[in-house]
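Listing of model_27.cif, mmCIF, C-alpha atoms
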```
data_final
loop_
_atom_site.label_atom_id
_atom_site.label_comp_id
_atom_site.auth_asym_id
_atom_site.auth_seq_id
_atom_site.Cartn_x
_atom_site.Cartn_y
_atom_site.Cartn_z
CA MET A 22 85.56 121.81 97.76
CA THR A 23 86.84 122.88 101.14
CA ARG A 24 87.28 119.86 103.38
CA ILE A 25 89.77 121.16 105.94
CA LYS A 26 88.64 123.51 108.70
CA LYS A 27 91.96 124.02 110.51
CA ILE A 28 95.00 122.35 112.04
CA ASP A 29 93.55 120.89 115.22
CA HIS A 30 96.77 119.71 116.85
CA ILE A 31 100.34 118.56 116.38
CA ALA A 32 101.32 115.58 118.50
CA PHE A 33 104.82 115.00 119.87
CA VAL A 34 105.65 111.61 121.36
CA VAL A 35 107.62 111.91 124.62
CA ASP A 36 109.04 109.41 127.07
CA ASP A 37 108.25 111.57 130.10
CA ILE A 38 105.39 114.08 130.27
CA GLU A 39 106.81 116.00 133.22
CA ASP A 40 110.27 116.42 131.66
CA ALA A 41 108.69 117.48 128.38
CA LEU A 42 106.48 120.02 130.18
CA ASP A 43 109.62 121.47 131.78
CA PHE A 44 110.53 122.65 128.31
CA TRP A 45 107.22 123.24 126.50
CA HIS A 46 105.29 124.81 129.39
CA ASP A 47 107.74 126.02 132.05
CA THR A 48 110.51 127.23 129.71
CA LEU A 49 109.03 128.03 126.29
CA GLY A 50 105.80 129.23 127.88
CA LEU A 51 103.04 127.38 126.03
CA GLU A 52 99.84 127.32 128.08
CA LEU A 53 98.91 123.99 129.67
CA SER A 54 95.18 123.30 129.73
CA HIS A 55 95.26 119.85 131.28
CA VAL A 56 96.91 116.43 131.45
CA GLU A 57 94.67 113.48 130.76
CA ASP A 58 94.77 109.71 130.75
CA VAL A 59 93.41 108.58 127.35
CA PRO A 60 92.91 104.81 127.72
CA ASP A 61 91.53 104.30 124.20
CA GLN A 62 94.82 105.65 122.84
CA ASN A 63 96.96 103.87 125.47
CA SER A 64 98.47 107.23 126.37
CA VAL A 65 98.75 110.04 128.84
CA VAL A 66 98.35 113.32 126.96
CA ALA A 67 99.20 116.91 127.93
CA PHE A 68 97.19 119.53 126.02
CA LEU A 69 98.93 122.85 125.29
CA PRO A 70 96.68 125.25 123.37
CA ALA A 71 98.19 127.91 121.10
CA LYS A 72 95.36 130.12 119.84
CA GLU A 73 93.04 127.86 117.81
CA SER A 74 95.40 124.85 117.54
CA GLU A 75 97.09 122.69 120.18
CA VAL A 76 100.35 120.97 120.85
CA GLU A 77 99.78 117.55 122.40
CA LEU A 78 102.51 115.70 124.30
CA VAL A 79 101.77 111.98 124.15
CA ARG A 80 103.38 109.41 126.44
CA PRO A 81 102.48 105.80 125.67
CA THR A 82 101.20 103.79 128.63
CA THR A 83 101.53 100.33 127.04
CA GLU A 84 104.40 98.67 125.19
CA ASP A 85 102.52 97.55 122.11
CA SER A 86 100.63 100.60 120.84
CA GLY A 87 101.64 102.29 117.59
CA VAL A 88 102.93 105.32 119.46
CA ALA A 89 104.98 103.12 121.84
CA ARG A 90 106.61 101.35 118.90
CA TYR A 91 107.28 104.70 117.23
CA LEU A 92 108.97 106.02 120.39
CA LYS A 93 111.09 102.87 120.74
CA LYS A 94 112.18 102.96 117.10
CA LYS A 95 112.66 106.69 116.47
CA GLY A 96 112.91 108.30 119.90
CA PRO A 97 110.89 111.33 121.04
CA GLY A 98 109.80 113.88 118.44
CA MET A 99 107.00 114.91 116.11
CA HIS A 100 104.47 112.10 115.69
CA HIS A 101 101.40 113.26 113.75
CA ILE A 102 99.37 116.24 112.59
CA CYS A 103 95.59 116.38 113.02
CA PHE A 104 93.27 118.38 110.76
CA GLU A 105 89.72 119.20 111.73
CA VAL A 106 87.47 118.44 108.75
CA TYR A 107 83.88 119.47 108.08
CA ASP A 108 82.65 115.96 107.20
CA ILE A 109 84.89 113.01 108.07
CA GLU A 110 82.82 110.33 106.27
CA GLU A 111 82.78 112.35 103.04
CA THR A 112 86.51 113.03 103.34
CA LEU A 113 87.37 109.36 103.91
CA ALA A 114 85.18 108.25 100.99
CA HIS A 115 86.84 110.85 98.75
CA LEU A 116 90.36 109.82 99.82
CA LYS A 117 89.55 106.14 99.29
CA SER A 118 88.22 106.87 95.80
CA ARG A 119 91.56 108.54 95.02
CA GLY A 120 93.51 105.47 96.13
CA VAL A 121 94.77 106.92 99.42
CA ARG A 122 95.76 104.27 101.98
CA LEU A 123 93.66 104.72 105.12
CA ILE A 124 94.52 103.27 108.52
CA ASN A 125 90.86 103.72 109.52
CA GLU A 126 88.33 103.36 106.70
CA VAL A 127 85.51 104.26 109.07
CA PRO A 128 85.86 106.87 111.80
CA GLN A 129 86.80 105.65 115.27
CA ILE A 130 84.80 107.10 118.15
CA GLY A 131 87.29 108.57 120.64
CA THR A 132 86.91 110.19 124.04
CA ALA A 133 84.18 112.83 124.24
CA GLY A 134 82.42 111.19 121.29
CA LYS A 135 84.85 112.67 118.76
CA LYS A 136 85.19 111.02 115.36
CA ILE A 137 88.77 110.38 114.24
CA ALA A 138 90.59 108.47 111.48
CA PHE A 139 94.22 108.16 110.44
CA ILE A 140 95.75 108.26 106.94
CA HIS A 141 98.78 106.04 106.31
CA PRO A 142 102.12 107.90 105.87
CA GLN A 143 102.66 105.90 102.68
CA SER A 144 100.06 108.09 100.96
CA THR A 145 101.12 111.41 102.50
CA HIS A 146 104.85 111.53 101.75
CA GLY A 147 105.84 110.31 105.19
CA VAL A 148 103.47 112.22 107.48
CA LEU A 149 101.05 110.44 109.82
CA VAL A 150 97.80 112.41 109.39
CA GLU A 151 94.80 112.31 111.71
CA LEU A 152 91.41 113.62 110.61
CA TYR A 153 88.91 114.75 113.18
CA GLU A 154 85.32 115.89 113.06
CA LEU A 155 83.75 117.77 115.92
CA THR A 156 80.44 116.08 116.65
CA ALA A 157 77.35 117.85 117.95
CA GLN A 158 77.64 115.99 121.25
CA GLU A 159 81.33 116.74 121.84
CA PRO A 160 81.13 120.21 123.46
CA GLN A 161 78.55 118.94 125.98
CA ILE A 162 80.52 115.78 126.74
CA ARG A 163 83.72 117.81 127.12
CA LEU A 164 82.05 120.27 129.48
CA ALA A 165 80.67 117.48 131.65
CA ARG A 166 84.07 115.78 131.78
CA ALA A 167 85.85 119.04 132.57
CA ARG A 168 83.43 119.65 135.43
CA ARG A 169 83.97 116.18 136.87
CA LEU A 170 87.74 116.66 136.53
CA ALA A 171 87.51 120.08 138.17
CA ASP A 172 85.47 118.65 141.06
CA ARG A 173 88.16 116.04 141.61
CA VAL A 174 91.27 118.19 141.35
CA LEU A 175 90.41 121.78 142.22
CA THR A 176 91.50 122.03 145.81
CA GLY A 177 92.73 125.02 147.78
CA GLY A 178 92.66 127.43 144.86
CA GLN A 179 94.88 125.29 142.64
CA THR A 180 94.36 125.57 138.92
CA ARG A 181 93.47 122.41 137.07
CA ALA A 182 96.79 122.39 135.22
CA SER A 183 98.93 122.68 138.35
CA ALA A 184 96.77 120.08 140.11
CA ALA A 185 97.31 117.75 137.14
CA LEU A 186 101.05 118.32 137.38
CA ASP A 187 101.01 117.62 141.11
CA PHE A 188 99.11 114.46 140.31
CA LEU A 189 101.83 113.37 137.86
CA ARG A 190 104.56 114.23 140.37
CA ARG A 191 102.87 112.17 143.07
CA ILE A 192 102.60 109.18 140.73
CA ARG A 193 106.28 109.48 139.95
CA ARG A 194 107.31 109.83 143.60
CA ASN A 195 105.23 106.80 144.53
CA ARG A 196 106.98 104.81 141.84
CA GLY A 197 110.34 105.71 143.38
CA ASN A 198 111.55 107.14 140.09
CA SER A 199 114.60 109.23 140.98
CA GLU A 200 114.98 111.24 137.75
CA MET B 5 104.42 135.64 130.73
CA THR B 6 102.90 134.83 127.37
CA ARG B 7 105.59 134.46 124.74
CA ILE B 8 103.83 132.39 122.08
CA LYS B 9 101.27 134.01 119.78
CA LYS B 10 100.30 130.98 117.68
CA ILE B 11 101.55 128.04 115.62
CA ASP B 12 102.74 129.77 112.46
CA HIS B 13 103.47 126.72 110.35
CA ILE B 14 104.39 123.05 110.25
CA ALA B 15 107.04 122.15 107.68
CA PHE B 16 107.19 118.82 105.88
CA VAL B 17 110.29 117.96 103.88
CA VAL B 18 109.48 116.44 100.48
CA ASP B 19 111.58 115.18 97.58
CA ASP B 20 109.15 116.47 94.95
CA ILE B 21 106.86 119.47 95.43
CA GLU B 22 104.51 118.55 92.60
CA ASP B 23 104.00 114.96 93.77
CA ALA B 24 103.45 116.18 97.34
CA LEU B 25 100.89 118.76 96.12
CA ASP B 26 99.02 115.96 94.35
CA PHE B 27 98.20 114.69 97.82
CA TRP B 28 98.07 117.76 100.05
CA HIS B 29 96.34 120.14 97.63
CA ASP B 30 94.64 118.12 94.87
CA THR B 31 93.50 115.17 97.00
CA LEU B 32 93.20 116.26 100.65
CA GLY B 33 92.08 119.72 99.60
CA LEU B 34 94.34 122.11 101.52
CA GLU B 35 94.41 125.52 99.86
CA LEU B 36 97.59 126.45 98.01
CA SER B 37 98.55 130.10 98.28
CA HIS B 38 101.79 129.99 96.30
CA VAL B 39 105.03 128.16 95.54
CA GLU B 40 108.20 130.11 96.11
CA ASP B 41 111.92 129.77 95.64
CA VAL B 42 113.55 130.62 99.00
CA PRO B 43 117.27 130.93 98.20
CA ASP B 44 118.30 131.84 101.77
CA GLN B 45 116.86 128.51 102.92
CA ASN B 46 118.15 126.58 99.86
CA SER B 47 114.60 125.42 99.23
CA VAL B 48 111.51 125.63 97.10
CA VAL B 49 108.51 126.00 99.42
CA ALA B 50 104.78 125.49 98.81
CA PHE B 51 102.55 127.41 101.23
CA LEU B 52 99.23 125.80 102.18
CA PRO B 53 97.25 127.95 104.62
CA ALA B 54 94.75 126.34 107.01
CA LYS B 55 92.92 129.11 108.84
CA GLU B 56 95.58 131.02 110.83
CA SER B 57 98.41 128.47 110.45
CA GLU B 58 100.11 126.99 107.39
CA VAL B 59 101.49 123.73 106.14
CA GLU B 60 104.73 124.28 104.26
CA LEU B 61 106.14 121.70 101.85
CA VAL B 62 109.90 122.18 101.62
CA ARG B 63 112.05 120.70 98.87
CA PRO B 64 115.79 121.27 99.28
CA THR B 65 117.54 122.79 96.26
CA THR B 66 121.11 122.06 97.35
CA GLU B 67 122.77 118.90 98.64
CA ASP B 68 124.37 120.32 101.76
CA SER B 69 121.63 122.22 103.62
CA GLY B 70 120.26 120.92 106.91
CA VAL B 71 116.95 120.04 105.31
CA ALA B 72 118.70 118.18 102.45
CA ARG B 73 120.69 116.10 104.94
CA TYR B 74 117.50 115.43 106.92
CA LEU B 75 115.69 114.22 103.77
CA LYS B 76 118.60 111.99 102.80
CA LYS B 77 118.86 110.47 106.27
CA LYS B 78 115.21 110.12 107.29
CA GLY B 79 113.19 110.41 104.08
CA PRO B 80 110.22 112.71 103.56
CA GLY B 81 108.06 113.64 106.57
CA MET B 82 107.55 116.18 109.33
CA HIS B 83 110.56 118.47 109.68
CA HIS B 84 109.86 121.35 112.08
CA ILE B 85 107.19 123.40 113.84
CA CYS B 86 107.29 127.21 113.85
CA PHE B 87 105.76 129.35 116.58
CA GLU B 88 105.11 133.04 116.14
CA VAL B 89 106.37 134.85 119.24
CA TYR B 90 105.72 138.38 120.46
CA ASP B 91 109.39 139.26 121.02
CA ILE B 92 112.03 136.97 119.55
CA GLU B 93 115.05 138.64 121.21
CA GLU B 94 113.43 138.40 124.66
CA THR B 95 112.42 134.79 124.01
CA LEU B 96 115.94 133.77 122.90
CA ALA B 97 117.53 135.52 125.89
CA HIS B 98 115.10 133.76 128.23
CA LEU B 99 115.73 130.34 126.64
CA LYS B 100 119.49 130.85 126.80
CA SER B 101 119.28 131.79 130.48
CA ARG B 102 117.45 128.50 131.08
CA GLY B 103 120.22 126.50 129.39
CA VAL B 104 118.31 125.76 126.19
CA ARG B 105 120.57 124.92 123.23
CA LEU B 106 119.91 127.42 120.43
CA ILE B 107 120.88 126.89 116.79
CA ASN B 108 120.62 130.67 116.29
CA GLU B 109 121.48 132.79 119.32
CA VAL B 110 120.54 135.93 117.41
CA PRO B 111 117.61 136.10 114.99
CA GLN B 112 118.36 135.54 111.32
CA ILE B 113 116.73 137.93 108.88
CA GLY B 114 114.84 135.88 106.29
CA THR B 115 112.85 136.78 103.18
CA ALA B 116 110.39 139.65 103.63
CA GLY B 117 112.46 140.94 106.55
CA LYS B 118 111.14 138.31 108.96
CA LYS B 119 113.14 137.45 112.07
CA ILE B 120 113.63 133.73 112.68
CA ALA B 121 115.70 131.48 114.96
CA PHE B 122 115.85 127.72 115.54
CA ILE B 123 116.04 125.79 118.82
CA HIS B 124 118.07 122.58 118.82
CA PRO B 125 116.03 119.34 119.10
CA GLN B 126 118.34 118.28 121.94
CA SER B 127 116.57 120.79 124.20
CA THR B 128 113.02 120.11 122.97
CA HIS B 129 112.70 116.33 123.31
CA GLY B 130 113.43 115.70 119.66
CA VAL B 131 111.47 118.45 117.90
CA LEU B 132 113.14 121.04 115.65
CA VAL B 133 111.48 124.32 116.69
CA GLU B 134 111.55 127.58 114.74
CA LEU B 135 110.64 130.87 116.37
CA TYR B 136 109.40 133.74 114.26
CA GLU B 137 108.58 137.36 114.94
CA LEU B 138 106.50 139.38 112.53
CA THR B 139 108.35 142.64 111.97
CA ALA B 140 106.70 145.98 111.28
CA GLN B 141 108.11 145.97 107.74
CA GLU B 142 107.02 142.46 106.84
CA PRO B 143 103.41 143.05 105.72
CA GLN B 144 104.53 145.82 103.34
CA ILE B 145 107.41 143.77 101.96
CA ARG B 146 105.09 140.76 101.49
CA LEU B 147 102.51 142.85 99.69
CA ALA B 148 105.08 144.30 97.30
CA ARG B 149 106.51 140.84 96.59
CA ALA B 150 103.04 139.34 96.07
CA ARG B 151 102.26 142.13 93.58
CA ARG B 152 105.45 141.52 91.64
CA LEU B 153 104.74 137.79 91.63
CA ALA B 154 101.16 138.42 90.50
CA ASP B 155 102.37 140.67 87.69
CA ARG B 156 104.66 137.91 86.52
CA VAL B 157 102.35 134.94 86.75
CA LEU B 158 98.76 136.12 86.42
CA THR B 159 98.05 135.51 82.77
CA GLY B 160 94.81 134.61 81.01
CA GLY B 161 92.74 134.44 84.18
CA GLN B 162 95.03 131.88 85.84
CA THR B 163 95.20 131.95 89.60
CA ARG B 164 98.61 132.51 91.11
CA ALA B 165 98.65 128.99 92.58
CA SER B 166 97.86 127.25 89.30
CA ALA B 167 100.37 129.45 87.46
CA ALA B 168 102.99 128.48 90.04
CA LEU B 169 102.15 124.82 89.49
CA ASP B 170 102.43 125.23 85.74
CA PHE B 171 105.78 126.87 86.32
CA LEU B 172 106.95 123.83 88.32
CA ARG B 173 105.63 121.46 85.67
CA ARG B 174 107.47 123.34 82.93
CA ILE B 175 110.72 123.16 84.92
CA ARG B 176 110.27 119.43 85.29
CA ARG B 177 109.45 118.86 81.64
CA ASN B 178 112.49 120.86 80.60
CA ARG B 179 114.64 118.71 82.86
CA GLY B 180 113.34 115.61 81.12
CA ASN B 181 112.27 114.12 84.46
CA SER B 182 109.98 111.23 83.52
CA GLU B 183 108.43 110.56 86.94
#
```
Could you render the structure from this file as structure tokens?
Amino acid sequence: MTRIKKIDHIAFVVDDIEDALDFWHDTLGLELSHVEDVPDQNSVVAFLPAKESEVELVRPTTEDSGVARYLKKKGPGMHHICFEVYDIEETLAHLKSRGVRLINEVPQIGTAGKKIAFIHPQSTHGVLVELYELTAQEPQIRLARARRLADRVLTGGQTRASAALDFLRRIRRNRGNSE
Amino acid sequence: MTRIKKIDHIAFVVDDIEDALDFWHDTLGLELSHVEDVPDQNSVVAFLPAKESEVELVRPTTEDSGVARYLKKKGPGMHHICFEVYDIEETLAHLKSRGVRLINEVPQIGTAGKKIAFIHPQSTHGVLVELYELTAQEPQIRLARARRLADRVLTGGQTRASAALDFLRRIRRNRGNSE
């Protein structure tokens, strides 16, 4: 039975989104679609699509999230891989029946109505694995959010990505961060 | 300028290919295309395609390779990400001009004539990055190698993947490994 549709994204934990984008976007040349505050993951995330998968740069925004603890303990680097599956409930039930340790036994509902669940690295030979199912509502929710974002940030011919970067730079300047 | 074509593969270092395949192939359900000895990388590698990218499970076969030292120090887990680029020489020259620390300043020629080079994690915020350019010869070389492999292992209606697994199991049994 085919459960896996594709690799949806690879997430790298970073301690500074702008510095990380200097390499991944400005230097290596990955596209940058947008930078987004993701409160339900206590993170700011930069989305860098590469054909049908994405690189995601994740900066924790709180001290006590899993990703913040990971960054503190191991430093910046690869954090998890996310597979898009056809049916997340069926996949989780199957994994559970095979004795796989799940971090989420039922899917969590993330931003844009997406269904996600994590598998514990103990059962995957050390890799934190996220599963993700595209829901019927997600494309519509994403489109609506993108439009609201565009309305907010598209000014004077700026692209959304460069506006998002300007936004990050302004935040940093206001904080008096001199890096 | 667009340099990156796609994510080619994500490599996980493992201490036992067969055990790792129990999860990634038998349980999670990723396809297994083949298992291959890759002497120039001192590794046995299992290739698990997911649409246009692959997961690669890498088991070191010597004690002193980079991947062997990584496994010993950090245990099994995510090891590197590989991007397919349009022009590897141009990309390396560009990265060098921007002060990026390269592990390989000129492309190495790997199996099947592929050109590869690694970027040092110091310049990537902690991520070991491989670059890869598909050469004109590679599809032909791959096809010829796949045919030779098929001639060797396709017996009695077995698929190549299951024959490769049997091959691994026989090796293990002969070694008297009781895991």
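Interatomic distance, atom CA of B:Leu106 against atom CA of B:His124: 5.4 Å.
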Quiz item: Mind listing as a list of chain:residue names which residues of chain B are within 7 Å of chain A, counting all atoms listed in the file?
Solution: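 Therefore, the residues near the partner are B:Thr6, B:Arg7, B:Ile8, B:Lys9, B:Lys10, B:Ile11, B:Val18, B:Ala24, B:Phe27, B:Thr31, B:Gly33, B:Leu34, B:Ala54, B:Lys55, B:Pro80, B:Gly81, B:Met82, B:Leu99, B:Thr128, B:His129, B:Gly130, B:Val131.
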Practice problem: For the file shown, report as a list in words the outcome of the PyMOL selection byres ((chain A and resi 152) around 6) at residue level. | Solution: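 After applying the PyMOL selection byres ((chain A and resi 152) around 6), what remains is Cys103, Phe104, Glu105, Ile137, Ala138, Glu151 and Tyr153 of chain A.
Nearest residue to A:Ala133 among A:Ser54, A:Ala165, A:Asp108, A:Ala114 is A:Ala165, counting all atoms listed in the file.
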Exercise. Would you mind reading off the distance between atom CA of B:Ile107 and atom CA of A:Arg90, one decimal, in Å?
Key: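 Between atom CA of B:Ile107 and atom CA of A:Arg90 the gap is 29.3 Å.
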Quiz item: Do you have the atom CA of A:Leu92-atom CA of A:Arg80 distance handy?
Solution: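 Atom CA of A:Leu92 sits 8.9 Å away from atom CA of A:Arg80.
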Neighbouring residues of B:Ser69 were defined as those with any atom within 12 Å, considering all atoms listed in the file; residues of the same chain fewer than 5 positions away were excluded. Please report them as a PDB file with C-alpha atoms, keeping the file's coordinate frame.
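Writing the result to out17.pdb gives the following:
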```pdb
ATOM      1  CA  PRO B  43     117.270 130.930  98.200  1.00  0.00           C
ATOM      2  CA  ASP B  44     118.300 131.840 101.770  1.00  0.00           C
ATOM      3  CA  GLN B  45     116.860 128.510 102.920  1.00  0.00           C
ATOM      4  CA  ASN B  46     118.150 126.580  99.860  1.00  0.00           C
ATOM      5  CA  SER B  47     114.600 125.420  99.230  1.00  0.00           C
ATOM      6  CA  VAL B  62     109.900 122.180 101.620  1.00  0.00           C
ATOM      7  CA  ARG B  63     112.050 120.700  98.870  1.00  0.00           C
ATOM      8  CA  PRO B  64     115.790 121.270  99.280  1.00  0.00           C
ATOM      9  CA  TYR B  74     117.500 115.430 106.920  1.00  0.00           C
ATOM     10  CA  LEU B  75     115.690 114.220 103.770  1.00  0.00           C
ATOM     11  CA  LYS B  76     118.600 111.990 102.800  1.00  0.00           C
TER      12      LYS B  76
END
```
Self-check item: Test item: residues at most 10 Å from stretch 159-162 of chain A, all atoms listed in the file, excluding those fewer than 4 positions along its chain, as a ChimeraX atom specification
Solution: /A:132-136,154-155,166-168
Could stretch 94-104 of chain A be completed with all heavy atoms and returned as a compact mmCIF listing (two decimals), keeping the file's coordinate frame?
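Contents of rebuild_39.txt, freshly written:
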```txt
# COMPACT_ATOMS: atom_id res chain seq x y z
N LYS A 94 111.40 103.02 118.34
CA LYS A 94 112.18 102.96 117.10
C LYS A 94 112.88 104.29 116.80
O LYS A 94 114.04 104.33 116.42
CB LYS A 94 111.24 102.61 115.94
CG LYS A 94 111.92 102.30 114.63
CD LYS A 94 110.92 101.83 113.57
CE LYS A 94 111.53 101.87 112.18
NZ LYS A 94 110.51 101.68 111.13
N LYS A 95 112.14 105.41 116.95
CA LYS A 95 112.66 106.69 116.47
C LYS A 95 113.04 107.67 117.58
O LYS A 95 113.61 108.72 117.30
CB LYS A 95 111.62 107.36 115.56
CG LYS A 95 111.19 106.46 114.40
CD LYS A 95 110.61 107.27 113.26
CE LYS A 95 110.23 106.36 112.10
NZ LYS A 95 109.84 107.08 110.90
N GLY A 96 112.65 107.36 118.82
CA GLY A 96 112.91 108.30 119.90
C GLY A 96 111.85 109.39 119.93
O GLY A 96 110.97 109.44 119.06
N PRO A 97 111.89 110.28 120.93
CA PRO A 97 110.89 111.33 121.04
C PRO A 97 110.96 112.31 119.88
O PRO A 97 112.03 112.52 119.29
CB PRO A 97 111.24 112.02 122.36
CG PRO A 97 112.63 111.64 122.68
CD PRO A 97 112.89 110.32 122.01
N GLY A 98 109.83 112.90 119.53
CA GLY A 98 109.80 113.88 118.44
C GLY A 98 108.40 114.03 117.88
O GLY A 98 107.42 113.55 118.47
N MET A 99 108.30 114.68 116.73
CA MET A 99 107.00 114.91 116.11
C MET A 99 106.38 113.58 115.69
O MET A 99 107.06 112.74 115.09
CB MET A 99 107.15 115.83 114.90
CG MET A 99 107.49 117.26 115.31
SD MET A 99 107.13 118.46 114.01
CE MET A 99 108.68 118.39 113.13
N HIS A 100 105.12 113.38 115.97
CA HIS A 100 104.47 112.10 115.69
C HIS A 100 103.38 112.21 114.63
O HIS A 100 103.38 111.48 113.66
CB HIS A 100 103.91 111.50 116.97
CG HIS A 100 103.30 110.15 116.77
ND1 HIS A 100 101.94 109.95 116.67
CD2 HIS A 100 103.87 108.94 116.61
CE1 HIS A 100 101.70 108.66 116.46
NE2 HIS A 100 102.85 108.02 116.43
N HIS A 101 102.43 113.12 114.79
CA HIS A 101 101.40 113.26 113.75
C HIS A 101 100.81 114.67 113.77
O HIS A 101 101.00 115.43 114.71
CB HIS A 101 100.29 112.21 113.89
CG HIS A 101 99.40 112.35 115.09
ND1 HIS A 101 99.59 111.63 116.26
CD2 HIS A 101 98.30 113.11 115.31
CE1 HIS A 101 98.64 111.95 117.14
NE2 HIS A 101 97.85 112.86 116.59
N ILE A 102 100.10 114.98 112.68
CA ILE A 102 99.37 116.24 112.59
C ILE A 102 97.89 115.89 112.42
O ILE A 102 97.55 114.93 111.72
CB ILE A 102 99.87 117.11 111.40
CG1 ILE A 102 99.14 118.46 111.36
CG2 ILE A 102 99.74 116.40 110.07
CD1 ILE A 102 99.78 119.48 110.41
N CYS A 103 97.03 116.64 113.09
CA CYS A 103 95.59 116.38 113.02
C CYS A 103 94.87 117.59 112.43
O CYS A 103 95.02 118.71 112.92
CB CYS A 103 95.03 116.07 114.41
SG CYS A 103 93.23 115.87 114.40
N PHE A 104 94.10 117.33 111.37
CA PHE A 104 93.27 118.38 110.76
C PHE A 104 91.82 118.19 111.17
O PHE A 104 91.30 117.07 111.12
CB PHE A 104 93.35 118.32 109.24
CG PHE A 104 94.71 118.60 108.68
CD1 PHE A 104 95.58 117.58 108.36
CD2 PHE A 104 95.12 119.92 108.50
CE1 PHE A 104 96.84 117.85 107.84
CE2 PHE A 104 96.38 120.20 107.99
CZ PHE A 104 97.25 119.16 107.66
```
